[in-house]
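> Input structure: my_file.txt, which contains compact mmCIF, C-alpha atoms.
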```txt
# COMPACT_ATOMS: atom_id res chain seq x y z
CA MET E 29 7.49 4.25 17.75
CA GLU E 30 7.90 3.76 14.05
CA ASN E 31 11.06 5.13 12.43
CA TYR E 32 10.71 8.07 10.10
CA THR E 33 10.10 6.56 6.68
CA PRO E 34 9.73 9.25 4.01
CA SER E 35 9.63 6.69 1.20
CA LEU E 36 6.54 5.01 2.70
CA ASP E 37 4.82 8.38 3.19
CA ALA E 38 5.59 9.25 -0.42
CA ALA E 39 4.65 5.90 -1.93
CA PHE E 40 1.28 5.72 -0.17
CA HIS E 41 0.59 9.37 -0.98
CA SER E 42 1.07 8.73 -4.71
CA LEU E 43 -1.05 5.57 -4.61
CA ALA E 44 -4.07 7.38 -3.10
CA ASP E 45 -5.15 8.63 -6.53
CA PRO E 46 -6.85 6.47 -9.21
CA THR E 47 -5.10 8.18 -12.16
CA ARG E 48 -1.70 7.65 -10.60
CA ARG E 49 -2.53 4.00 -9.82
CA ALA E 50 -3.63 3.51 -13.43
CA VAL E 51 -0.29 4.93 -14.63
CA ILE E 52 1.57 2.52 -12.34
CA SER E 53 -0.52 -0.39 -13.64
CA ARG E 54 0.30 0.57 -17.22
CA LEU E 55 4.03 0.92 -16.50
CA THR E 56 4.29 -2.49 -14.82
CA ARG E 57 3.67 -3.81 -18.36
CA GLY E 58 6.70 -1.86 -19.67
CA PRO E 59 8.02 1.70 -20.14
CA ALA E 60 5.86 4.16 -22.10
CA ALA E 61 6.08 7.64 -23.58
CA VAL E 62 4.12 10.41 -21.84
CA LYS E 63 1.82 10.79 -24.86
CA GLU E 64 0.93 7.10 -24.80
CA LEU E 65 0.41 7.18 -21.02
CA ALA E 66 -1.90 10.18 -21.24
CA ALA E 67 -4.07 8.82 -24.08
CA PRO E 68 -6.61 6.81 -22.04
CA PHE E 69 -7.38 9.71 -19.69
CA ASP E 70 -10.11 12.27 -20.20
CA MET E 71 -7.95 15.03 -18.74
CA GLY E 72 -5.85 17.91 -20.07
CA LEU E 73 -2.14 17.25 -20.57
CA PRO E 74 -1.09 19.80 -17.88
CA ALA E 75 -3.26 18.05 -15.26
CA PHE E 76 -1.92 14.67 -16.36
CA MET E 77 1.69 15.91 -16.25
CA LYS E 78 1.08 17.03 -12.69
CA HIS E 79 0.22 13.44 -11.75
CA LEU E 80 3.44 12.23 -13.41
CA SER E 81 5.42 14.86 -11.44
CA VAL E 82 3.90 13.61 -8.19
CA LEU E 83 4.72 10.00 -9.08
CA GLU E 84 8.31 10.95 -9.95
CA ARG E 85 8.80 13.13 -6.85
CA ASP E 86 7.34 10.33 -4.68
CA GLY E 87 9.85 7.93 -6.23
CA LEU E 88 7.44 5.48 -7.86
CA ILE E 89 8.41 6.26 -11.45
CA ALA E 90 11.49 7.58 -13.27
CA SER E 91 11.57 9.31 -16.63
CA GLU E 92 14.12 10.08 -19.31
CA LYS E 93 13.89 12.50 -22.22
CA VAL E 94 15.45 11.55 -25.55
CA GLY E 95 14.96 14.16 -28.25
CA ARG E 96 11.37 15.32 -27.83
CA VAL E 97 10.08 12.14 -26.25
CA ARG E 98 9.91 11.61 -22.49
CA THR E 99 9.65 7.95 -21.52
CA CYS E 100 8.52 6.77 -18.09
CA ARG E 101 9.25 3.55 -16.25
CA VAL E 102 8.04 2.18 -12.93
CA ARG E 103 10.42 1.75 -9.97
CA PRO E 104 9.26 -1.62 -8.64
CA GLU E 105 11.63 -1.49 -5.66
CA ARG E 106 9.62 1.44 -4.29
CA LEU E 107 6.32 -0.38 -4.69
CA ALA E 108 7.96 -3.33 -2.92
CA VAL E 109 8.64 -1.18 0.17
CA ALA E 110 4.94 -0.35 0.46
CA GLU E 111 3.86 -3.95 -0.16
CA SER E 112 6.34 -5.23 2.46
CA TRP E 113 4.95 -2.88 5.07
CA LEU E 114 1.39 -4.12 4.44
CA SER E 115 2.51 -7.73 4.37
CA GLU E 116 4.25 -7.27 7.73
CA GLN E 117 1.05 -5.89 9.28
CA ARG E 118 -0.93 -8.86 7.93
CA GLN E 119 1.57 -11.30 9.42
CA LEU E 120 1.38 -9.59 12.82
CA TRP E 121 -2.40 -9.74 12.74
CA GLN E 122 -2.37 -13.35 11.55
CA ALA E 123 0.03 -14.34 14.33
CA ARG E 124 -2.35 -12.80 16.85
CA THR E 125 -5.46 -14.56 15.51
CA ASP E 126 -3.51 -17.86 15.45
CA ARG E 127 -2.59 -17.37 19.11
CA LEU E 128 -6.22 -16.61 19.97
CA ALA E 129 -7.37 -19.75 18.15
CA ASP E 130 -4.79 -21.84 20.03
CA TYR E 131 -5.94 -20.35 23.31
CA VAL E 132 -9.61 -21.09 22.60
CA GLU E 133 -8.76 -24.66 21.60
CA THR E 134 -6.74 -25.16 24.80
CA GLN E 135 -9.66 -23.93 26.86
CA MET E 136 -12.11 -26.22 25.07
CA THR E 137 -10.01 -29.39 25.24
CA GLY E 138 -8.55 -28.86 28.73
CA SER E 139 -12.01 -29.26 30.33
CA ASP E 140 -10.61 -30.06 33.79
CA THR E 141 -9.24 -26.50 34.06
CA ASP E 142 -11.38 -23.61 35.20
CA ALA E 143 -11.59 -20.88 32.56
CA ASP E 144 -13.35 -17.73 33.57
CA MET V 28 -9.02 2.38 -17.47
CA GLU V 29 -9.09 1.38 -13.82
CA ASN V 30 -12.47 1.09 -12.11
CA TYR V 31 -13.36 3.67 -9.49
CA THR V 32 -12.09 2.26 -6.25
CA PRO V 33 -12.83 4.60 -3.34
CA SER V 34 -11.61 2.07 -0.78
CA LEU V 35 -8.13 2.00 -2.36
CA ASP V 36 -8.00 5.81 -2.48
CA ALA V 37 -9.00 5.94 1.17
CA ALA V 38 -6.69 3.16 2.38
CA PHE V 39 -3.59 4.59 0.69
CA HIS V 40 -4.51 8.09 1.86
CA SER V 41 -4.58 6.96 5.49
CA LEU V 42 -1.34 5.02 5.14
CA ALA V 43 0.60 8.06 3.88
CA ASP V 44 1.13 9.31 7.42
CA PRO V 45 3.65 7.84 9.93
CA THR V 46 1.40 8.37 12.98
CA ARG V 47 -1.49 6.60 11.28
CA ARG V 48 0.78 3.73 10.20
CA ALA V 49 2.07 3.41 13.77
CA VAL V 50 -1.54 3.18 15.02
CA ILE V 51 -2.26 0.43 12.49
CA SER V 52 0.89 -1.44 13.54
CA ARG V 53 -0.17 -1.25 17.18
CA LEU V 54 -3.71 -2.44 16.41
CA THR V 55 -2.54 -5.47 14.42
CA ARG V 56 -1.35 -6.73 17.83
CA GLY V 57 -4.88 -6.36 19.24
CA PRO V 58 -7.58 -3.77 20.04
CA ALA V 59 -6.63 -0.84 22.26
CA ALA V 60 -8.29 2.08 24.06
CA VAL V 61 -7.71 5.57 22.63
CA LYS V 62 -5.75 6.60 25.72
CA GLU V 63 -3.36 3.66 25.35
CA LEU V 64 -2.99 4.30 21.60
CA ALA V 65 -2.17 7.96 22.15
CA ALA V 66 0.41 7.39 24.92
CA PRO V 67 3.56 6.84 22.75
CA PHE V 68 2.96 10.01 20.69
CA ASP V 69 4.36 13.41 21.50
CA MET V 70 1.20 15.12 20.25
CA GLY V 71 -1.87 16.70 21.81
CA LEU V 72 -4.97 14.51 22.15
CA PRO V 73 -7.05 16.60 19.69
CA ALA V 74 -4.38 16.19 16.97
CA PHE V 75 -4.15 12.47 17.71
CA MET V 76 -7.96 12.09 17.65
CA LYS V 77 -7.94 13.70 14.21
CA HIS V 78 -5.66 10.90 12.96
CA LEU V 79 -8.03 8.31 14.44
CA SER V 80 -10.97 10.02 12.68
CA VAL V 81 -9.14 9.84 9.36
CA LEU V 82 -8.35 6.15 9.88
CA GLU V 83 -11.96 5.41 10.77
CA ARG V 84 -13.39 7.45 7.87
CA ASP V 85 -10.94 5.75 5.49
CA GLY V 86 -12.18 2.40 6.75
CA LEU V 87 -8.91 1.05 8.19
CA ILE V 88 -10.06 0.99 11.81
CA ALA V 89 -13.35 0.72 13.67
CA SER V 90 -14.11 1.91 17.18
CA GLU V 91 -16.70 1.29 19.86
CA LYS V 92 -17.44 3.27 23.00
CA VAL V 93 -18.38 1.46 26.19
CA GLY V 94 -18.99 3.77 29.12
CA ARG V 95 -16.25 6.39 28.89
CA VAL V 96 -13.75 4.20 27.07
CA ARG V 97 -13.46 4.14 23.26
CA THR V 98 -11.69 1.03 21.96
CA CYS V 99 -10.24 0.78 18.46
CA ARG V 100 -9.57 -2.25 16.30
CA VAL V 101 -7.95 -2.66 12.90
CA ARG V 102 -10.00 -3.77 9.87
CA PRO V 103 -7.55 -6.19 8.25
CA GLU V 104 -9.81 -6.79 5.23
CA ARG V 105 -9.26 -3.16 4.19
CA LEU V 106 -5.49 -3.46 4.49
CA ALA V 107 -5.76 -6.64 2.41
CA VAL V 108 -7.36 -4.71 -0.47
CA ALA V 109 -4.36 -2.36 -0.61
CA GLU V 110 -1.86 -5.21 -0.30
CA SER V 111 -3.62 -7.16 -3.09
CA TRP V 112 -3.41 -4.21 -5.43
CA LEU V 113 0.35 -3.88 -4.85
CA SER V 114 0.86 -7.63 -5.15
CA GLU V 115 -0.98 -7.62 -8.49
CA GLN V 116 1.31 -4.88 -9.83
CA ARG V 117 4.38 -6.82 -8.72
CA GLN V 118 3.12 -9.95 -10.49
CA LEU V 119 2.51 -8.02 -13.72
CA TRP V 120 5.98 -6.56 -13.56
CA GLN V 121 7.51 -9.94 -12.72
CA ALA V 122 5.72 -11.57 -15.65
CA ARG V 123 7.16 -8.95 -17.96
CA THR V 124 10.75 -9.33 -16.73
CA ASP V 125 10.40 -13.13 -17.01
CA ARG V 126 9.29 -12.75 -20.64
CA LEU V 127 12.23 -10.42 -21.35
CA ALA V 128 14.65 -12.93 -19.80
CA ASP V 129 13.16 -15.74 -21.92
CA TYR V 130 13.52 -13.60 -25.03
CA VAL V 131 17.17 -12.77 -24.31
CA GLU V 132 17.92 -16.44 -23.67
CA THR V 133 16.25 -17.45 -26.96
CA GLN V 134 18.34 -14.90 -28.83
CA MET V 135 21.57 -16.08 -27.20
CA THR V 136 21.01 -19.83 -27.71
CA GLY V 137 19.42 -19.66 -31.16
CA SER V 138 22.76 -18.55 -32.71
CA ASP V 139 21.71 -19.40 -36.27
CA THR V 140 19.11 -16.60 -36.13
CA ASP V 141 20.04 -12.98 -36.81
CA ALA V 142 19.29 -10.75 -33.82
CA ASP V 143 19.91 -7.07 -34.36
```
For the structure just supplied, provide its representation as structure tokens.


Amino acid sequence: MENYTPSLDAAFHSLADPTRRAVISRLTRGPAAVKELAAPFDMGLPAFMKHLSVLERDGLIASEKVGRVRTCRVRPERLAVAESWLSEQRQLWQARTDRLADYVETQMTGSDTDAD
Amino acid sequence: MENYTPSLDAAFHSLADPTRRAVISRLTRGPAAVKELAAPFDMGLPAFMKHLSVLERDGLIASEKVGRVRTCRVRPERLAVAESWLSEQRQLWQARTDRLADYVETQMTGSDTDAD
């Protein structure tokens, strides 16, 4: 059974929304003020701020307020946890298909052995 | 603005739950019957079946019924879409930190230039 992994739950939850993914994509290019982040979206500021809250609560971004300006940055180490999990699954699957391929090859070349 | 990507929404949505991730992990090792998949979980079959429905609707698994036995398999190409997205973000971030490092190095070695 898998261990309890709240950070994976949270990371994948945040990533299931296209606005939140677009914010992450923007922040991988460098920190940005909330106003700048919100500009490309056809959405009211309260709705947009809610997405930022979710991203911050889920640990994928951090923010800091200086004077009247709140600046956000991505937390790449949290994205890395999600990517590692997916990469691990791919490796497990790949290992299995490699073993299957080896088995099929053994059956085809070892023609003096019965294979039913 | 990011393109509309329903398969990413769906994949990340499914992955935000530890039971569903555990099912995926099991299926990367090979297809399995529902009964076998459900066995390790301390959860009623209806609740477990609901998780399988979500995974199937979100495109991460497929299932086939032969006689009375329903067998599930993972759809690795859908996991790959999610992994690629995360990998792309990491590369963007890495490219940025590399550029920052280059800049700092330039400033430190080019001592005849003012850097304030």

> Do a neighbour search on Ser114 of chain V at 10 Å with all atoms listed in the file, toss out local chain neighbours closer than 5 positions, and write the hits as a list of chain:residue names.

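Result of the neighbour search: E:Leu107, E:Ala108, E:Glu111, E:Ser112, E:Ser115, V:Val108, V:Ala109, V:Leu119, V:Trp120.
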
> With distances taken over all atoms listed in the file, which residue among V:Gly94, V:Pro103, V:Asp69, V:Leu35 lies nearest Ser52 of chain V?

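Counting all atoms listed in the file, the residue closest to Ser52 of chain V is V:Pro103.
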
> Using all atoms listed in the file for the distances, tell me which of E:Gln122, E:Ser42, E:Ser35, E:Thr56 is nearest to chain V.

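Among E:Gln122, E:Ser42, E:Ser35, E:Thr56, it is E:Thr56 that comes nearest to chain V.
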
> Report, in Å with one decimal, the straight-line distance from atom CA of Leu42 of chain V to atom CA of Ala50 of chain E.

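Computing the Euclidean distance for atom CA of Leu42 of chain V and atom CA of Ala50 of chain E yields 18.8 Å.
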
> For a quick check of understanding, using all atoms listed in the file, which of V:Arg47, V:His40, V:Arg56, V:Lys62 has the smallest distance to Arg97 of chain V?

V:Lys62

> Between E:Ala39, E:Phe76, E:Gly58, E:Val97, which is the closest to Arg126 of chain V once you count all atoms listed in the file?

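Distance minimum relative to Arg126 of chain V lands on E:Gly58.
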
> Write out chain E, as an mmCIF file with C-alpha atoms, keeping the file's coordinate frame, after superposing it onto chain V by least squares using every C-alpha atom paired in order.


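Full text of result.cif as output:
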```
data_model
loop_
_atom_site.group_PDB
_atom_site.id
_atom_site.type_symbol
_atom_site.label_atom_id
_atom_site.label_comp_id
_atom_site.auth_asym_id
_atom_site.auth_seq_id
_atom_site.Cartn_x
_atom_site.Cartn_y
_atom_site.Cartn_z
ATOM 1 C CA MET E 29 -8.888 2.375 -17.440
ATOM 2 C CA GLU E 30 -8.987 1.405 -13.814
ATOM 3 C CA ASN E 31 -12.401 1.150 -12.150
ATOM 4 C CA TYR E 32 -13.285 3.724 -9.545
ATOM 5 C CA THR E 33 -12.034 2.293 -6.269
ATOM 6 C CA PRO E 34 -12.788 4.618 -3.349
ATOM 7 C CA SER E 35 -11.566 2.083 -0.791
ATOM 8 C CA LEU E 36 -8.082 2.018 -2.367
ATOM 9 C CA ASP E 37 -7.957 5.829 -2.494
ATOM 10 C CA ALA E 38 -8.959 5.942 1.162
ATOM 11 C CA ALA E 39 -6.664 3.174 2.372
ATOM 12 C CA PHE E 40 -3.566 4.604 0.686
ATOM 13 C CA HIS E 41 -4.469 8.108 1.853
ATOM 14 C CA SER E 42 -4.567 6.971 5.493
ATOM 15 C CA LEU E 43 -1.312 5.028 5.148
ATOM 16 C CA ALA E 44 0.632 8.079 3.890
ATOM 17 C CA ASP E 45 1.143 9.333 7.448
ATOM 18 C CA PRO E 46 3.644 7.847 9.953
ATOM 19 C CA THR E 47 1.388 8.367 13.008
ATOM 20 C CA ARG E 48 -1.496 6.602 11.321
ATOM 21 C CA ARG E 49 0.785 3.738 10.221
ATOM 22 C CA ALA E 50 2.052 3.415 13.795
ATOM 23 C CA VAL E 51 -1.553 3.169 15.041
ATOM 24 C CA ILE E 52 -2.260 0.431 12.489
ATOM 25 C CA SER E 53 0.887 -1.434 13.559
ATOM 26 C CA ARG E 54 -0.199 -1.258 17.193
ATOM 27 C CA LEU E 55 -3.739 -2.449 16.417
ATOM 28 C CA THR E 56 -2.563 -5.472 14.417
ATOM 29 C CA ARG E 57 -1.380 -6.739 17.831
ATOM 30 C CA GLY E 58 -4.927 -6.387 19.244
ATOM 31 C CA PRO E 59 -7.619 -3.781 20.016
ATOM 32 C CA ALA E 60 -6.667 -0.839 22.252
ATOM 33 C CA ALA E 61 -8.312 2.063 24.048
ATOM 34 C CA VAL E 62 -7.737 5.554 22.625
ATOM 35 C CA LYS E 63 -5.761 6.579 25.723
ATOM 36 C CA GLU E 64 -3.395 3.634 25.337
ATOM 37 C CA LEU E 65 -3.025 4.289 21.596
ATOM 38 C CA ALA E 66 -2.196 7.947 22.154
ATOM 39 C CA ALA E 67 0.395 7.366 24.906
ATOM 40 C CA PRO E 68 3.510 6.822 22.748
ATOM 41 C CA PHE E 69 2.940 9.987 20.702
ATOM 42 C CA ASP E 70 4.341 13.398 21.518
ATOM 43 C CA MET E 71 1.191 15.114 20.273
ATOM 44 C CA GLY E 72 -1.906 16.695 21.816
ATOM 45 C CA LEU E 73 -4.979 14.485 22.161
ATOM 46 C CA PRO E 74 -7.056 16.598 19.698
ATOM 47 C CA ALA E 75 -4.397 16.188 16.979
ATOM 48 C CA PHE E 76 -4.163 12.470 17.722
ATOM 49 C CA MET E 77 -7.960 12.074 17.641
ATOM 50 C CA LYS E 78 -7.943 13.682 14.218
ATOM 51 C CA HIS E 79 -5.663 10.900 12.965
ATOM 52 C CA LEU E 80 -8.040 8.290 14.424
ATOM 53 C CA SER E 81 -10.981 10.013 12.663
ATOM 54 C CA VAL E 82 -9.133 9.840 9.348
ATOM 55 C CA LEU E 83 -8.334 6.155 9.873
ATOM 56 C CA GLU E 84 -11.973 5.411 10.740
ATOM 57 C CA ARG E 85 -13.393 7.466 7.848
ATOM 58 C CA ASP E 86 -10.925 5.767 5.460
ATOM 59 C CA GLY E 87 -12.158 2.395 6.715
ATOM 60 C CA LEU E 88 -8.909 1.049 8.165
ATOM 61 C CA ILE E 89 -10.054 0.998 11.788
ATOM 62 C CA ALA E 90 -13.371 0.712 13.648
ATOM 63 C CA SER E 91 -14.115 1.916 17.153
ATOM 64 C CA GLU E 92 -16.704 1.276 19.831
ATOM 65 C CA LYS E 93 -17.467 3.275 22.961
ATOM 66 C CA VAL E 94 -18.420 1.440 26.147
ATOM 67 C CA GLY E 95 -19.031 3.741 29.092
ATOM 68 C CA ARG E 96 -16.276 6.343 28.872
ATOM 69 C CA VAL E 97 -13.791 4.173 27.031
ATOM 70 C CA ARG E 98 -13.479 4.128 23.243
ATOM 71 C CA THR E 99 -11.714 1.032 21.939
ATOM 72 C CA CYS E 100 -10.252 0.774 18.442
ATOM 73 C CA ARG E 101 -9.585 -2.260 16.289
ATOM 74 C CA VAL E 102 -7.968 -2.665 12.885
ATOM 75 C CA ARG E 103 -9.995 -3.774 9.840
ATOM 76 C CA PRO E 104 -7.543 -6.194 8.227
ATOM 77 C CA GLU E 105 -9.799 -6.792 5.215
ATOM 78 C CA ARG E 106 -9.240 -3.171 4.177
ATOM 79 C CA LEU E 107 -5.474 -3.456 4.485
ATOM 80 C CA ALA E 108 -5.744 -6.638 2.405
ATOM 81 C CA VAL E 109 -7.324 -4.691 -0.484
ATOM 82 C CA ALA E 110 -4.327 -2.352 -0.604
ATOM 83 C CA GLU E 111 -1.816 -5.200 -0.300
ATOM 84 C CA SER E 112 -3.568 -7.150 -3.089
ATOM 85 C CA TRP E 113 -3.348 -4.195 -5.431
ATOM 86 C CA LEU E 114 0.413 -3.869 -4.833
ATOM 87 C CA SER E 115 0.925 -7.603 -5.132
ATOM 88 C CA GLU E 116 -0.906 -7.601 -8.475
ATOM 89 C CA GLN E 117 1.383 -4.857 -9.809
ATOM 90 C CA ARG E 118 4.457 -6.827 -8.697
ATOM 91 C CA GLN E 119 3.196 -9.939 -10.472
ATOM 92 C CA LEU E 120 2.585 -7.992 -13.689
ATOM 93 C CA TRP E 121 6.075 -6.538 -13.531
ATOM 94 C CA GLN E 122 7.595 -9.919 -12.688
ATOM 95 C CA ALA E 123 5.790 -11.558 -15.607
ATOM 96 C CA ARG E 124 7.251 -8.923 -17.912
ATOM 97 C CA THR E 125 10.836 -9.324 -16.668
ATOM 98 C CA ASP E 126 10.466 -13.128 -16.967
ATOM 99 C CA ARG E 127 9.360 -12.724 -20.586
ATOM 100 C CA LEU E 128 12.313 -10.423 -21.281
ATOM 101 C CA ALA E 129 14.714 -12.942 -19.738
ATOM 102 C CA ASP E 130 13.227 -15.736 -21.870
ATOM 103 C CA TYR E 131 13.581 -13.592 -24.965
ATOM 104 C CA VAL E 132 17.231 -12.777 -24.238
ATOM 105 C CA GLU E 133 17.988 -16.450 -23.601
ATOM 106 C CA THR E 134 16.312 -17.447 -26.882
ATOM 107 C CA GLN E 135 18.402 -14.908 -28.745
ATOM 108 C CA MET E 136 21.621 -16.108 -27.119
ATOM 109 C CA THR E 137 21.056 -19.836 -27.639
ATOM 110 C CA GLY E 138 19.447 -19.641 -31.098
ATOM 111 C CA SER E 139 22.723 -18.386 -32.643
ATOM 112 C CA ASP E 140 21.731 -19.367 -36.197
ATOM 113 C CA THR E 141 18.980 -16.711 -36.163
ATOM 114 C CA ASP E 142 19.677 -13.093 -36.972
ATOM 115 C CA ALA E 143 18.760 -10.797 -34.082
ATOM 116 C CA ASP E 144 19.005 -7.117 -34.747
#
```

> Using only C-alpha atoms, can you tell me which of V:Gln134, V:Ser80, V:Gln116, V:Ser90 comes closest to chain E?

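Of all the options, V:Gln116 lies closest to chain E.
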
> Rounded to one decimal place, report the atom CA of Arg101 of chain E-atom CA of Ala60 of chain E distance in Å.

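Value for the atom CA of Arg101 of chain E-atom CA of Ala60 of chain E distance: 6.8 Å.
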
> Record the distance separating atom CA of Arg103 of chain E and atom CA of Ala38 of chain E, expressed in Å with one decimal.

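Atom CA of Ala38 of chain E lies at a distance of 13.1 Å from atom CA of Arg103 of chain E.
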
> Pick out the closest residue to chain E from this set: V:Ala122, V:Ala60, V:Val81, V:Cys99. Count only C-alpha atoms.

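Residue with the minimum atom-to-atom distance to chain E: V:Ala122.
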
> Extract segment 70-78 of chain V from the structure I just pasted (atoms: all heavy atoms) and return it as a PDB file, in the first residue's frame.


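Printed below is out.pdb as written:
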```
ATOM      1  N   MET V  70     -11.654  -0.821   2.179  1.00  0.00           N
ATOM      2  CA  MET V  70     -12.705   0.054   1.615  1.00  0.00           C
ATOM      3  C   MET V  70     -13.748  -0.856   0.964  1.00  0.00           C
ATOM      4  O   MET V  70     -13.396  -1.908   0.413  1.00  0.00           O
ATOM      5  CB  MET V  70     -12.000   0.941   0.576  1.00  0.00           C
ATOM      6  CG  MET V  70     -12.829   1.623  -0.451  1.00  0.00           C
ATOM      7  SD  MET V  70     -11.861   2.618  -1.663  1.00  0.00           S
ATOM      8  CE  MET V  70     -10.453   3.268  -0.795  1.00  0.00           C
ATOM      9  N   GLY V  71     -15.006  -0.481   1.046  1.00  0.00           N
ATOM     10  CA  GLY V  71     -16.046  -1.291   0.425  1.00  0.00           C
ATOM     11  C   GLY V  71     -15.887  -1.335  -1.091  1.00  0.00           C
ATOM     12  O   GLY V  71     -15.331  -0.403  -1.685  1.00  0.00           O
ATOM     13  N   LEU V  72     -16.374  -2.415  -1.719  1.00  0.00           N
ATOM     14  CA  LEU V  72     -16.233  -2.537  -3.169  1.00  0.00           C
ATOM     15  C   LEU V  72     -16.891  -1.387  -3.934  1.00  0.00           C
ATOM     16  O   LEU V  72     -16.312  -0.877  -4.892  1.00  0.00           O
ATOM     17  CB  LEU V  72     -16.750  -3.899  -3.659  1.00  0.00           C
ATOM     18  CG  LEU V  72     -16.306  -4.279  -5.083  1.00  0.00           C
ATOM     19  CD1 LEU V  72     -14.787  -4.389  -5.182  1.00  0.00           C
ATOM     20  CD2 LEU V  72     -16.945  -5.585  -5.524  1.00  0.00           C
ATOM     21  N   PRO V  73     -18.091  -0.923  -3.511  1.00  0.00           N
ATOM     22  CA  PRO V  73     -18.698   0.202  -4.264  1.00  0.00           C
ATOM     23  C   PRO V  73     -17.808   1.449  -4.271  1.00  0.00           C
ATOM     24  O   PRO V  73     -17.662   2.090  -5.310  1.00  0.00           O
ATOM     25  CB  PRO V  73     -20.006   0.464  -3.509  1.00  0.00           C
ATOM     26  CG  PRO V  73     -20.329  -0.825  -2.822  1.00  0.00           C
ATOM     27  CD  PRO V  73     -18.999  -1.430  -2.466  1.00  0.00           C
ATOM     28  N   ALA V  74     -17.207   1.771  -3.104  1.00  0.00           N
ATOM     29  CA  ALA V  74     -16.321   2.942  -3.038  1.00  0.00           C
ATOM     30  C   ALA V  74     -15.102   2.726  -3.930  1.00  0.00           C
ATOM     31  O   ALA V  74     -14.655   3.640  -4.627  1.00  0.00           O
ATOM     32  CB  ALA V  74     -15.891   3.209  -1.596  1.00  0.00           C
ATOM     33  N   PHE V  75     -14.568   1.500  -3.908  1.00  0.00           N
ATOM     34  CA  PHE V  75     -13.390   1.208  -4.725  1.00  0.00           C
ATOM     35  C   PHE V  75     -13.739   1.296  -6.220  1.00  0.00           C
ATOM     36  O   PHE V  75     -12.981   1.855  -7.017  1.00  0.00           O
ATOM     37  CB  PHE V  75     -12.838  -0.182  -4.389  1.00  0.00           C
ATOM     38  CG  PHE V  75     -11.567  -0.477  -5.128  1.00  0.00           C
ATOM     39  CD1 PHE V  75     -10.373   0.113  -4.739  1.00  0.00           C
ATOM     40  CD2 PHE V  75     -11.558  -1.314  -6.228  1.00  0.00           C
ATOM     41  CE1 PHE V  75      -9.187  -0.125  -5.432  1.00  0.00           C
ATOM     42  CE2 PHE V  75     -10.394  -1.564  -6.930  1.00  0.00           C
ATOM     43  CZ  PHE V  75      -9.209  -0.973  -6.528  1.00  0.00           C
ATOM     44  N   MET V  76     -14.919   0.751  -6.586  1.00  0.00           N
ATOM     45  CA  MET V  76     -15.357   0.789  -7.992  1.00  0.00           C
ATOM     46  C   MET V  76     -15.495   2.228  -8.475  1.00  0.00           C
ATOM     47  O   MET V  76     -15.262   2.521  -9.646  1.00  0.00           O
ATOM     48  CB  MET V  76     -16.701   0.068  -8.159  1.00  0.00           C
ATOM     49  CG  MET V  76     -16.648  -1.426  -7.927  1.00  0.00           C
ATOM     50  SD  MET V  76     -15.582  -2.318  -9.099  1.00  0.00           S
ATOM     51  CE  MET V  76     -16.576  -2.178 -10.608  1.00  0.00           C
ATOM     52  N   LYS V  77     -15.894   3.121  -7.555  1.00  0.00           N
ATOM     53  CA  LYS V  77     -16.025   4.528  -7.923  1.00  0.00           C
ATOM     54  C   LYS V  77     -14.651   5.088  -8.327  1.00  0.00           C
ATOM     55  O   LYS V  77     -14.549   5.820  -9.315  1.00  0.00           O
ATOM     56  CB  LYS V  77     -16.640   5.317  -6.756  1.00  0.00           C
ATOM     57  CG  LYS V  77     -17.395   6.548  -7.197  1.00  0.00           C
ATOM     58  CD  LYS V  77     -18.191   7.158  -6.049  1.00  0.00           C
ATOM     59  CE  LYS V  77     -19.503   6.404  -5.780  1.00  0.00           C
ATOM     60  NZ  LYS V  77     -20.263   6.992  -4.644  1.00  0.00           N
ATOM     61  N   HIS V  78     -13.613   4.714  -7.587  1.00  0.00           N
ATOM     62  CA  HIS V  78     -12.257   5.155  -7.958  1.00  0.00           C
ATOM     63  C   HIS V  78     -11.863   4.623  -9.345  1.00  0.00           C
ATOM     64  O   HIS V  78     -11.262   5.340 -10.144  1.00  0.00           O
ATOM     65  CB  HIS V  78     -11.234   4.696  -6.912  1.00  0.00           C
ATOM     66  CG  HIS V  78     -11.224   5.540  -5.674  1.00  0.00           C
ATOM     67  ND1 HIS V  78     -11.033   6.904  -5.708  1.00  0.00           N
ATOM     68  CD2 HIS V  78     -11.374   5.222  -4.369  1.00  0.00           C
ATOM     69  CE1 HIS V  78     -11.059   7.389  -4.469  1.00  0.00           C
ATOM     70  NE2 HIS V  78     -11.282   6.386  -3.640  1.00  0.00           N
TER      71      HIS V  78
END
```
